[in-house]
Structures are given as C-alpha cells and as structure tokens.
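Structure data (compact mmCIF, C-alpha atoms) from coords-v7.txt:
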```txt
# COMPACT_ATOMS: atom_id res chain seq x y z
CA MET T 21 81.48 104.75 70.41
CA GLY T 22 81.32 101.00 70.19
CA THR T 23 78.68 99.08 68.35
CA PRO T 24 75.95 97.29 70.36
CA GLY T 25 77.55 94.45 72.29
CA GLN T 26 80.89 96.25 72.47
CA SER T 27 82.54 98.28 75.21
CA THR T 28 84.20 101.65 74.59
CA THR T 29 87.55 99.83 74.35
CA GLY T 30 86.42 98.08 71.18
CA HIS T 31 86.26 94.64 72.78
CA PRO T 32 83.04 92.62 73.00
CA GLU T 33 81.16 93.44 76.17
CA ALA T 34 81.56 90.87 78.92
CA GLY T 35 78.57 89.31 80.62
CA TRP T 36 77.80 89.95 84.28
CA ALA T 37 80.11 87.16 85.45
CA GLY T 38 82.89 88.56 83.28
CA ARG T 39 82.33 92.06 84.63
CA VAL T 40 82.47 90.80 88.23
CA ALA T 41 85.74 89.04 87.40
CA GLY T 42 86.94 92.25 85.76
CA LEU T 43 86.09 94.26 88.87
CA ILE T 44 87.95 91.77 91.04
CA GLY T 45 90.97 91.97 88.76
CA SER T 46 90.94 95.77 88.64
CA CYS T 47 90.96 96.22 92.42
CA HIS T 48 94.60 95.01 92.63
CA PRO T 49 93.58 91.90 94.62
CA GLY T 50 97.11 90.98 95.76
CA PRO T 51 97.77 94.17 97.75
CA VAL T 52 94.13 94.29 98.93
CA VAL T 53 94.36 90.80 100.43
CA ALA T 54 97.86 91.35 101.83
CA VAL T 55 97.08 94.65 103.60
CA THR T 56 93.73 93.41 104.91
CA ALA T 57 95.27 90.19 106.22
CA LEU T 58 98.16 92.05 107.87
CA THR T 59 95.88 94.58 109.58
CA THR T 60 93.48 91.87 110.75
CA ALA T 61 96.34 89.76 112.12
CA LEU T 62 97.71 92.82 113.91
CA ALA T 63 94.27 93.47 115.43
CA VAL T 64 94.16 89.89 116.71
CA THR T 65 97.67 89.98 118.21
CA ALA T 66 97.01 93.42 119.73
CA GLY T 67 94.06 92.00 121.66
CA GLN T 68 91.02 93.46 119.92
CA SER T 69 87.76 91.62 120.56
CA ALA T 70 86.40 89.26 117.90
CA ALA T 71 83.70 91.75 116.89
CA ARG T 72 86.20 94.61 116.68
CA CYS T 73 88.58 92.46 114.62
CA VAL T 74 85.77 91.87 112.12
CA LEU T 75 85.05 95.61 111.94
CA THR T 76 88.75 96.37 111.51
CA ALA T 77 89.00 93.80 108.72
CA LEU T 78 85.92 95.13 106.90
CA ALA T 79 87.03 98.75 107.20
CA THR T 80 90.49 97.87 105.87
CA LEU T 81 89.06 95.73 103.07
CA THR T 82 86.65 98.40 101.81
CA GLY T 83 89.32 101.08 102.04
CA GLN T 84 91.81 99.01 100.07
CA LEU T 85 89.19 98.07 97.47
CA SER T 86 88.35 101.75 96.96
CA VAL T 87 92.02 102.62 96.48
CA GLY T 88 92.62 99.80 93.98
CA TRP T 89 89.55 100.63 91.93
CA CYS T 90 90.35 104.34 91.97
CA ASN T 91 93.84 103.56 90.69
CA ASP T 92 92.64 101.48 87.75
CA ALA T 93 89.81 103.85 86.85
CA PHE T 94 91.99 106.97 86.91
CA ASP T 95 94.80 105.30 84.95
CA ALA T 96 92.44 103.77 82.38
CA HIS T 97 93.13 106.43 79.71
CA ARG T 98 96.89 105.92 80.08
CA ASP T 99 96.57 102.14 80.03
CA LEU T 100 94.36 102.27 76.93
CA ALA T 101 96.76 104.63 75.16
CA ALA T 102 99.72 102.38 76.01
CA GLY T 103 97.80 99.21 75.12
CA ARG T 104 98.63 97.57 78.44
CA ARG T 105 97.23 94.07 78.08
CA GLY T 106 96.18 92.26 81.23
CA LYS T 107 94.31 95.26 82.60
CA PRO T 108 90.57 94.48 82.87
CA VAL T 109 89.54 97.88 81.48
CA VAL T 110 91.94 97.59 78.53
CA ASP T 111 90.82 94.02 77.86
CA GLY T 112 87.16 95.10 77.86
CA ALA T 113 86.21 92.96 80.86
CA VAL T 114 84.75 95.97 82.69
CA ARG T 115 83.94 99.59 81.88
CA VAL T 116 85.72 102.57 83.39
CA GLY T 117 82.43 103.92 84.74
CA GLU T 118 81.72 100.65 86.52
CA VAL T 119 85.13 100.73 88.18
CA TRP T 120 84.52 104.33 89.35
CA VAL T 121 81.14 103.35 90.80
CA ALA T 122 82.75 100.44 92.66
CA ALA T 123 85.45 102.75 94.04
CA PHE T 124 82.93 105.29 95.38
CA VAL T 125 80.66 102.59 96.83
CA ALA T 126 83.64 101.02 98.61
CA VAL T 127 84.83 104.31 100.12
CA ALA T 128 81.23 105.14 101.16
CA LEU T 129 81.13 101.83 103.07
CA CYS T 130 84.61 102.36 104.47
CA ALA T 131 83.67 105.57 106.31
CA PRO T 132 80.99 104.16 108.68
CA LEU T 133 82.92 100.93 109.19
CA SER T 134 86.02 102.92 110.18
CA PHE T 135 84.11 105.18 112.60
CA ALA T 136 82.44 102.11 114.11
CA CYS T 137 85.93 101.30 115.47
CA GLY T 138 85.99 104.65 117.28
CA LEU T 139 85.94 108.29 116.24
CA LEU T 140 89.70 108.83 116.43
CA ALA T 141 90.49 105.39 115.03
CA GLY T 142 88.15 106.04 112.11
CA ALA T 143 89.66 109.45 111.44
CA VAL T 144 93.17 107.96 111.38
CA HIS T 145 92.17 105.15 109.04
CA LEU T 146 90.33 107.46 106.66
CA THR T 147 93.37 109.75 106.62
CA GLY T 148 95.38 106.80 105.33
CA VAL T 149 92.72 105.99 102.73
CA ALA T 150 92.60 109.64 101.65
CA ALA T 151 96.39 109.65 101.27
CA ALA T 152 96.14 106.61 99.01
CA TRP T 153 93.48 108.32 96.88
CA ALA T 154 95.75 111.39 96.67
CA TYR T 155 98.47 109.07 95.35
CA ASP T 156 96.15 107.68 92.69
CA LEU T 157 94.80 111.05 91.59
CA ARG T 158 97.88 113.27 91.77
CA LEU T 159 100.97 112.32 93.78
CA LYS T 160 101.78 109.13 91.87
CA ALA T 161 103.56 111.14 89.16
CA THR T 162 105.46 113.48 91.52
CA VAL T 163 108.56 113.34 93.69
CA TRP T 164 106.21 113.01 96.70
CA SER T 165 104.85 109.64 95.55
CA TRP T 166 106.40 107.93 98.59
CA MET T 167 104.44 110.03 101.09
CA PRO T 168 100.97 108.44 100.69
CA TYR T 169 102.50 105.00 101.18
CA ALA T 170 104.27 106.17 104.34
CA VAL T 171 101.10 107.79 105.70
CA GLY T 172 98.86 104.88 104.72
CA PHE T 173 101.03 102.17 106.27
CA ALA T 174 101.74 104.24 109.39
CA ALA T 175 97.98 104.66 109.83
CA LEU T 176 97.36 100.90 110.05
CA PRO T 177 98.98 100.17 113.47
CA ALA T 178 97.55 103.47 114.75
CA PHE T 179 94.08 102.41 113.56
CA VAL T 180 94.44 99.07 115.36
CA ALA T 181 95.77 100.60 118.60
CA LEU T 182 93.09 103.30 118.76
CA GLY T 183 90.46 100.58 118.33
CA LEU T 184 91.50 98.89 121.59
CA PRO T 185 89.59 99.50 124.85
CA GLY T 186 90.50 102.90 126.27
CA ARG T 187 91.61 104.17 122.84
CA PRO T 188 95.35 104.09 123.69
CA TRP T 189 97.72 106.07 121.48
CA PRO T 190 99.92 103.86 119.29
CA ALA T 191 103.57 103.28 120.14
CA TRP T 192 105.93 105.50 118.14
CA TRP T 193 107.97 102.56 116.94
CA ALA T 194 104.94 100.79 115.46
CA VAL T 195 103.92 103.90 113.50
CA THR T 196 107.50 104.58 112.37
CA ALA T 197 108.03 100.99 111.25
CA GLY T 198 104.72 101.13 109.39
CA ALA T 199 105.85 104.24 107.51
CA LEU T 200 109.18 102.61 106.58
CA LEU T 201 107.38 99.47 105.42
CA GLY T 202 105.15 101.70 103.29
CA ILE T 203 108.15 103.32 101.60
CA GLY T 204 109.60 99.88 100.90
CA ALA T 205 106.25 98.71 99.56
CA HIS T 206 106.14 101.72 97.24
CA LEU T 207 109.58 100.92 95.79
CA GLY T 208 108.71 97.24 95.40
CA ASP T 209 105.30 97.95 93.88
CA VAL T 210 106.58 100.41 91.28
CA LEU T 211 109.85 98.64 90.43
CA PRO T 212 108.50 96.16 87.83
CA ASP T 213 106.66 98.92 85.92
CA ILE T 214 109.20 101.76 85.97
CA ARG T 215 110.12 101.62 82.30
CA GLY T 216 106.51 101.30 81.15
CA ASP T 217 105.43 104.13 83.45
CA LEU T 218 108.18 106.40 82.12
CA ALA T 219 106.97 105.74 78.59
CA ILE T 220 103.54 107.17 79.45
CA GLY T 221 104.84 110.14 81.41
CA VAL T 222 104.66 108.93 85.03
CA ARG T 223 107.65 110.30 86.98
CA GLY T 224 107.22 109.44 90.64
CA TRP T 225 110.06 109.19 93.15
CA PRO T 226 111.19 105.66 92.15
CA HIS T 227 111.04 106.59 88.46
CA ARG T 228 113.43 109.49 89.09
CA LEU T 229 115.81 107.08 90.83
CA GLY T 230 115.70 104.79 87.81
CA PRO T 231 115.30 100.99 87.86
CA ASP T 232 118.78 100.32 89.25
CA GLY T 233 118.62 103.10 91.84
CA ALA T 234 115.19 101.98 93.07
CA ARG T 235 116.34 98.37 93.22
CA LEU T 236 119.42 99.25 95.25
CA LEU T 237 117.42 101.43 97.65
CA LEU T 238 114.59 98.93 98.11
CA PRO T 239 116.07 97.01 101.09
CA VAL T 240 117.10 100.16 103.00
CA PRO T 241 113.70 101.20 104.45
CA LEU T 242 112.88 97.55 105.10
CA VAL T 243 116.05 96.95 107.14
CA ALA T 244 115.45 100.28 108.90
CA ALA T 245 111.95 99.04 109.80
CA SER T 246 113.51 95.87 111.22
CA ALA T 247 115.82 97.96 113.42
CA VAL T 248 112.93 100.10 114.68
CA LEU T 249 110.80 97.04 115.46
CA VAL T 250 113.64 95.37 117.41
CA LEU T 251 115.15 98.39 119.17
CA GLY T 252 112.08 100.62 119.55
CA PRO T 253 110.03 98.81 122.25
CA ALA T 254 110.93 99.53 125.86
CA GLY T 255 113.51 97.31 127.49
CA PRO T 256 116.48 95.45 126.05
CA PRO T 257 115.84 93.64 122.76
CA GLY T 258 115.40 89.90 123.07
CA GLY T 259 117.59 87.32 121.43
CA ARG T 260 114.98 86.53 118.78
CA GLY T 261 114.73 90.19 117.86
CA ILE T 262 118.49 90.61 117.50
CA THR T 263 118.63 87.42 115.42
CA ALA T 264 115.83 88.68 113.18
CA LEU T 265 117.56 92.04 112.72
CA ALA T 266 120.87 90.37 111.88
CA LEU T 267 119.07 88.06 109.46
CA ALA T 268 117.32 91.00 107.76
CA ALA T 269 120.61 92.86 107.34
CA LEU T 270 122.39 89.75 106.06
CA VAL T 271 119.64 89.00 103.54
CA ALA T 272 119.66 92.61 102.29
CA VAL T 273 123.44 92.69 101.89
CA THR T 274 123.41 89.28 100.17
CA GLY T 275 120.82 90.47 97.68
CA THR T 276 122.83 93.61 96.91
CA VAL T 277 126.12 91.71 96.50
CA LEU T 278 124.58 89.13 94.16
CA GLY T 279 123.34 92.04 92.10
CA ARG T 280 120.87 90.25 89.87
CA ARG T 281 117.65 92.14 89.41
CA ARG T 282 115.14 89.45 90.29
CA GLU T 283 117.26 88.05 93.10
CA ARG T 284 117.63 91.45 94.73
CA ALA T 285 113.87 92.01 94.68
CA ALA T 286 113.32 88.52 96.10
CA PHE T 287 115.77 89.19 98.94
CA ALA T 288 113.98 92.47 99.71
CA ALA T 289 110.70 90.56 99.88
CA ALA T 290 112.31 88.21 102.42
CA VAL T 291 113.28 91.20 104.57
CA ALA T 292 109.68 92.45 104.34
CA VAL T 293 108.47 89.06 105.62
CA VAL T 294 110.83 89.40 108.61
CA ASP T 295 109.42 92.89 109.28
CA VAL T 296 105.83 91.66 109.18
CA ALA T 297 106.69 88.83 111.56
CA LEU T 298 108.38 91.26 113.96
CA LEU T 299 105.39 93.61 113.81
CA LEU T 300 102.95 90.80 114.59
CA VAL T 301 105.12 89.43 117.40
CA GLY T 302 105.20 92.91 118.92
CA GLY T 303 101.49 93.45 118.36
CA THR T 304 100.63 93.27 122.06
CA GLY T 305 102.84 96.28 122.72
CA ILE T 306 101.73 98.62 119.93
CA ALA T 307 99.71 100.72 122.36
```

Exercise: express the given structure as structure tokens:
Amino acid sequence: MGTPGQSTTGHPEAGWAGRVAGLIGSCHPGPVVAVTALTTALAVTAGQSAARCVLTALATLTGQLSVGWCNDAFDAHRDLAAGRRGKPVVDGAVRVGEVWVAAFVAVALCAPLSFACGLLAGAVHLTGVAAAWAYDLRLKATVWSWMPYAVGFAALPAFVALGLPGRPWPAWWAVTAGALLGIGAHLGDVLPDIRGDLAIGVRGWPHRLGPDGARLLLPVPLVAASAVLVLGPAGPPGGRGITALALAALVAVTGTVLGRRRERAAFAAAVAVVDVALLLVGGTGIA
C-alpha cells in the first residue's frame, strides 16, 4: 500500500494530465497509429465511402487501443518485477486498474463500431481483436505467439473488403499477404526485447529462435508478402510490381549480407514499407 499521494508502484501519484499522458503512453501509440492509418488508407483506396472510412478508422482505432492497454495492464506485474523503466505503470504515471478500465471501455466501443460496418465485416474485425487479446493474455509466451499476429493482420483487408457495397469476399492474396505481414511485424516487434523478455520468463516463438535467429528470419515473411502481392492478383504482374518485388528481395539480401544487427532490422523495415505500398496500390482489387 502506498501512502496518500502515492500510487501502488511507490511513485508519487500523477495528476489528471499526467494520467492521461500515461494512458496514451501505455496504449503502445506507435503500432496503434500505424495499424489505424494503414487500415484507413486501405479503406480509401478500396473505394469505401467517406462515412464508411470514418467508421472503419474508428473501429480499428478502438480495437488497437484495447489491445495495447490490455498488453500493458496484463504485463504490469512482470514489468514492475523487472523494473522496466519507461513503462507508464512502472513509472507511476497511471495505475494498473485505470489501464484495465481503458482497455475494456475501448473494446466495448469497438464492438458496435465494427458491426456498424456490416455484420460479417464486424465479426471478422472482432475476431482479429480477440486474437490480439489472446496474444496478450496467453499466447505471447508460447510457440504459437505468431498466430494472433497472422490472424489480426489477415483480418484487416478482409474487414475493409466486407465493408464495401455488396459485402464482397476479400481476395485470397490480400488476406495471405496480411498474414505474412503480421508474422513479420511480430518478429520485428519482439526483436528488441527478446533478452529482457527471456529474463522474466516469456518464451514466445521469436524467443525460442533467439535474437540472431529471429533477426535472420525477419525479412522472409516480408519478402514472401511482396511476392504474394505482386503475383497473386489476376493477370500478368506489371512492371512496377516486378520492380518492387526485385527491390524487396535485393534489400532483404543486402541486409542479411551486411549482417549488422541494426542494419538488418532497418532493411527489413524497408521491405515492410514496400509491402504496404504494394497493398495500397492493389487496394482497388482486394475484393
């Protein structure tokens, strides 16, 4: 128990502005913004109406906020035990209970916003959100840690396609590329924290590969996603697509040959940018 004016972490309690900042920091704002922006851009390029694009963006935003807050709230005891500075809960900027409340409020808002895009579209999106919660609560520390990322990212183009007029089923290549991007995102997201996670008993799929194994594997699903995005759509691939695929492969090989840890991760990020560009360019054909 802390004294009056202190949080349970032993730090002085933050004021309301500090707690809001703590909540923003604990939602993992980088991934939240990135996934929301990508899904919204895909909705625009796929041809959703302005109103539907707003609904898609809000549903994605609330879903991602709920996942980020769930992650920080559930891991709070581990972060406190390990003394991980820079985490809002550890630093006393926000209480664990407040983060849990934010997570449940966000997911409660996500459900009606998702179903407002269509019954099937909503069900697909909420399946992706549920997979991400399963990662936070259980699968993160298992060999199946890659699966929620694959399901969650595959659900995004399906959610967008099913929100179009006529509720068309998403193209197989868009869903497959989304799953591969998710696996790459999982490797890239976990890579910087592998050693720290191992110290507190987290043994997901990348942790079992080890830092070097995860780093070497990182470009593989991303280049595979590039190939699916270029070769998957009907008809012969265009010159720009072939160029993008060749560029992705060249960048991946260059990063592996150079062999430096940071450089390899940076090259993998470049391949991911190529994949996102290919996905957005092909947005009109995802259904």

Open item on the list: Please list as number ranges by chain every residue within 10 Å of Asp295 of chain T, counting all atoms listed in the file and excluding residues in the same chain fewer than 2 positions away.
Closed with: T: 197-198, 201, 242-250, 264-265, 268, 289-293, 297-301

- [ ] Using all atoms listed in the file, determine which residues lie at most 7 Å from segment 150-155 of chain T, disregarding the query and same-chain residues fewer than 6 positions distant; provide the list as a VMD selection string.
- [x] chain T and resid 87 165 168 to 169 171 to 172

Open item on the list: Taking all atoms listed in the file into account, name the residue in T:Ala63, T:Val125, T:Leu58, T:Cys137 that is nearest to Leu75 of chain T.
Closed with: T:Cys137

TODO: Find the residue from T:Leu270, T:Val296, T:Leu157, T:Leu140 that sits nearest to Gly186 of chain T; use only C-alpha atoms when measuring.
DONE: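 Of T:Leu270, T:Val296, T:Leu157, T:Leu140, the one nearest Gly186 of chain T is T:Leu140, counting only C-alpha atoms.
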
TODO: Point out the residue among T:Gly142, T:Gly208, T:Gly42, T:Pro188 with the least atom-to-atom distance to Ala175 of chain T, counting only C-alpha atoms.
DONE: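 For Ala175 of chain T, the nearest of the given residues is T:Gly142.
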
- [ ] Give the answer as one residue: which of T:Leu100, T:Ile44, T:Val114, T:Ala285 has the shortest atom-to-atom distance to Gly88 of chain T, using all atoms listed in the file?
- [x]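 Closest candidate: T:Ile44.
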
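Residues of protein, DNA or RNA having at least one counted atom within 12 Å of (115.2, 107.9, 91.0), given all atoms listed in the file, are Thr162, Val163, Trp164, Ser165, Trp166, Leu207, Val210, Leu211, Ile214, Arg215, Leu218, Arg223, Gly224, Trp225, Pro226, His227, Arg228, Leu229, Gly230, Pro231, Asp232, Gly233, Ala234, Arg235, Leu236, Leu237 and Leu238 of chain T.
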
Task: Residue nearest Ala41 of chain T among T:Ala79, T:His206, T:Leu62, T:Pro108 (counting only C-alpha atoms) - done: T:Pro108

Open item on the list: What's around Ala136 of chain T at 12 Å? Count only C-alpha atoms, leave out sequence neighbours fewer than 3 positions away in its own chain, and write the answer as a list in words.
Closed with: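 That gives Ala71, Arg72, Cys73, Val74, Leu75, Thr76, Ala77, Leu78, Ala79, Leu129, Cys130, Ala131, Pro132, Leu133, Leu139, Leu140, Ala141, Gly142, Ala143, His145, Phe179, Leu182 and Gly183 of chain T.
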
Task: Separation of atom CA of Leu43 of chain T from atom CA of Gly112 of chain T, in Å and rounded to one decimal - done: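 Between atom CA of Leu43 of chain T and atom CA of Gly112 of chain T the gap works out to 11.1 Å.
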
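The two atoms in question, atom CA of Gly275 of chain T and atom CA of Ala199 of chain T, are spaced 22.6 Å apart.
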
Some atoms are missing, so please complete segment 101-127 of chain T with N, CA and C atoms and return it as a PDB file, in the frame of the given file.
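out-v4.pdb written:
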```
ATOM      1  N   ALA T 101      95.857 104.019  76.136  1.00  0.00           N
ATOM      2  CA  ALA T 101      96.760 104.630  75.160  1.00  0.00           C
ATOM      3  C   ALA T 101      98.026 103.798  74.975  1.00  0.00           C
ATOM      4  N   ALA T 102      98.500 103.188  76.080  1.00  0.00           N
ATOM      5  CA  ALA T 102      99.720 102.380  76.010  1.00  0.00           C
ATOM      6  C   ALA T 102      99.445 100.944  75.586  1.00  0.00           C
ATOM      7  N   GLY T 103      98.142 100.572  75.510  1.00  0.00           N
ATOM      8  CA  GLY T 103      97.800  99.210  75.120  1.00  0.00           C
ATOM      9  C   GLY T 103      98.265  98.168  76.111  1.00  0.00           C
ATOM     10  N   ARG T 104      98.152  98.489  77.401  1.00  0.00           N
ATOM     11  CA  ARG T 104      98.630  97.570  78.440  1.00  0.00           C
ATOM     12  C   ARG T 104      97.680  96.382  78.576  1.00  0.00           C
ATOM     13  N   ARG T 105      98.044  95.272  77.974  1.00  0.00           N
ATOM     14  CA  ARG T 105      97.230  94.070  78.080  1.00  0.00           C
ATOM     15  C   ARG T 105      97.281  93.531  79.507  1.00  0.00           C
ATOM     16  N   GLY T 106      96.242  92.794  79.886  1.00  0.00           N
ATOM     17  CA  GLY T 106      96.180  92.260  81.230  1.00  0.00           C
ATOM     18  C   GLY T 106      95.445  93.146  82.200  1.00  0.00           C
ATOM     19  N   LYS T 107      95.118  94.368  81.775  1.00  0.00           N
ATOM     20  CA  LYS T 107      94.310  95.260  82.600  1.00  0.00           C
ATOM     21  C   LYS T 107      92.847  95.040  82.223  1.00  0.00           C
ATOM     22  N   PRO T 108      91.963  94.785  83.201  1.00  0.00           N
ATOM     23  CA  PRO T 108      90.570  94.480  82.870  1.00  0.00           C
ATOM     24  C   PRO T 108      89.887  95.544  82.017  1.00  0.00           C
ATOM     25  N   VAL T 109      90.165  96.825  82.275  1.00  0.00           N
ATOM     26  CA  VAL T 109      89.540  97.880  81.480  1.00  0.00           C
ATOM     27  C   VAL T 109      90.052  97.827  80.034  1.00  0.00           C
ATOM     28  N   VAL T 110      91.351  97.665  79.871  1.00  0.00           N
ATOM     29  CA  VAL T 110      91.940  97.590  78.530  1.00  0.00           C
ATOM     30  C   VAL T 110      91.425  96.374  77.779  1.00  0.00           C
ATOM     31  N   ASP T 111      91.266  95.261  78.483  1.00  0.00           N
ATOM     32  CA  ASP T 111      90.820  94.020  77.860  1.00  0.00           C
ATOM     33  C   ASP T 111      89.306  93.991  77.623  1.00  0.00           C
ATOM     34  N   GLY T 112      88.598  95.034  78.083  1.00  0.00           N
ATOM     35  CA  GLY T 112      87.160  95.100  77.860  1.00  0.00           C
ATOM     36  C   GLY T 112      86.326  94.272  78.814  1.00  0.00           C
ATOM     37  N   ALA T 113      86.950  93.779  79.894  1.00  0.00           N
ATOM     38  CA  ALA T 113      86.210  92.960  80.860  1.00  0.00           C
ATOM     39  C   ALA T 113      85.264  93.799  81.702  1.00  0.00           C
ATOM     40  N   VAL T 114      85.570  95.083  81.867  1.00  0.00           N
ATOM     41  CA  VAL T 114      84.750  95.970  82.690  1.00  0.00           C
ATOM     42  C   VAL T 114      84.912  97.394  82.161  1.00  0.00           C
ATOM     43  N   ARG T 115      83.884  98.215  82.345  1.00  0.00           N
ATOM     44  CA  ARG T 115      83.940  99.590  81.880  1.00  0.00           C
ATOM     45  C   ARG T 115      84.545 100.504  82.951  1.00  0.00           C
ATOM     46  N   VAL T 116      85.126 101.604  82.472  1.00  0.00           N
ATOM     47  CA  VAL T 116      85.720 102.570  83.390  1.00  0.00           C
ATOM     48  C   VAL T 116      84.672 103.093  84.374  1.00  0.00           C
ATOM     49  N   GLY T 117      83.492 103.395  83.876  1.00  0.00           N
ATOM     50  CA  GLY T 117      82.430 103.920  84.740  1.00  0.00           C
ATOM     51  C   GLY T 117      82.053 102.945  85.839  1.00  0.00           C
ATOM     52  N   GLU T 118      82.047 101.663  85.519  1.00  0.00           N
ATOM     53  CA  GLU T 118      81.720 100.650  86.520  1.00  0.00           C
ATOM     54  C   GLU T 118      82.796 100.579  87.605  1.00  0.00           C
ATOM     55  N   VAL T 119      84.036 100.750  87.199  1.00  0.00           N
ATOM     56  CA  VAL T 119      85.130 100.730  88.180  1.00  0.00           C
ATOM     57  C   VAL T 119      85.025 101.958  89.088  1.00  0.00           C
ATOM     58  N   TRP T 120      84.705 103.128  88.524  1.00  0.00           N
ATOM     59  CA  TRP T 120      84.520 104.330  89.350  1.00  0.00           C
ATOM     60  C   TRP T 120      83.384 104.135  90.347  1.00  0.00           C
ATOM     61  N   VAL T 121      82.281 103.586  89.899  1.00  0.00           N
ATOM     62  CA  VAL T 121      81.140 103.350  90.800  1.00  0.00           C
ATOM     63  C   VAL T 121      81.564 102.433  91.946  1.00  0.00           C
ATOM     64  N   ALA T 122      82.281 101.369  91.620  1.00  0.00           N
ATOM     65  CA  ALA T 122      82.750 100.440  92.660  1.00  0.00           C
ATOM     66  C   ALA T 122      83.653 101.151  93.662  1.00  0.00           C
ATOM     67  N   ALA T 123      84.523 102.029  93.155  1.00  0.00           N
ATOM     68  CA  ALA T 123      85.450 102.750  94.040  1.00  0.00           C
ATOM     69  C   ALA T 123      84.677 103.640  95.014  1.00  0.00           C
ATOM     70  N   PHE T 124      83.685 104.381  94.514  1.00  0.00           N
ATOM     71  CA  PHE T 124      82.930 105.290  95.380  1.00  0.00           C
ATOM     72  C   PHE T 124      82.022 104.528  96.351  1.00  0.00           C
ATOM     73  N   VAL T 125      81.467 103.412  95.922  1.00  0.00           N
ATOM     74  CA  VAL T 125      80.660 102.590  96.830  1.00  0.00           C
ATOM     75  C   VAL T 125      81.537 102.048  97.961  1.00  0.00           C
ATOM     76  N   ALA T 126      82.736 101.579  97.600  1.00  0.00           N
ATOM     77  CA  ALA T 126      83.640 101.020  98.610  1.00  0.00           C
ATOM     78  C   ALA T 126      84.050 102.074  99.631  1.00  0.00           C
ATOM     79  N   VAL T 127      84.389 103.282  99.169  1.00  0.00           N
ATOM     80  CA  VAL T 127      84.830 104.310 100.120  1.00  0.00           C
ATOM     81  C   VAL T 127      83.643 104.796 100.962  1.00  0.00           C
TER      82      VAL T 127
END
```
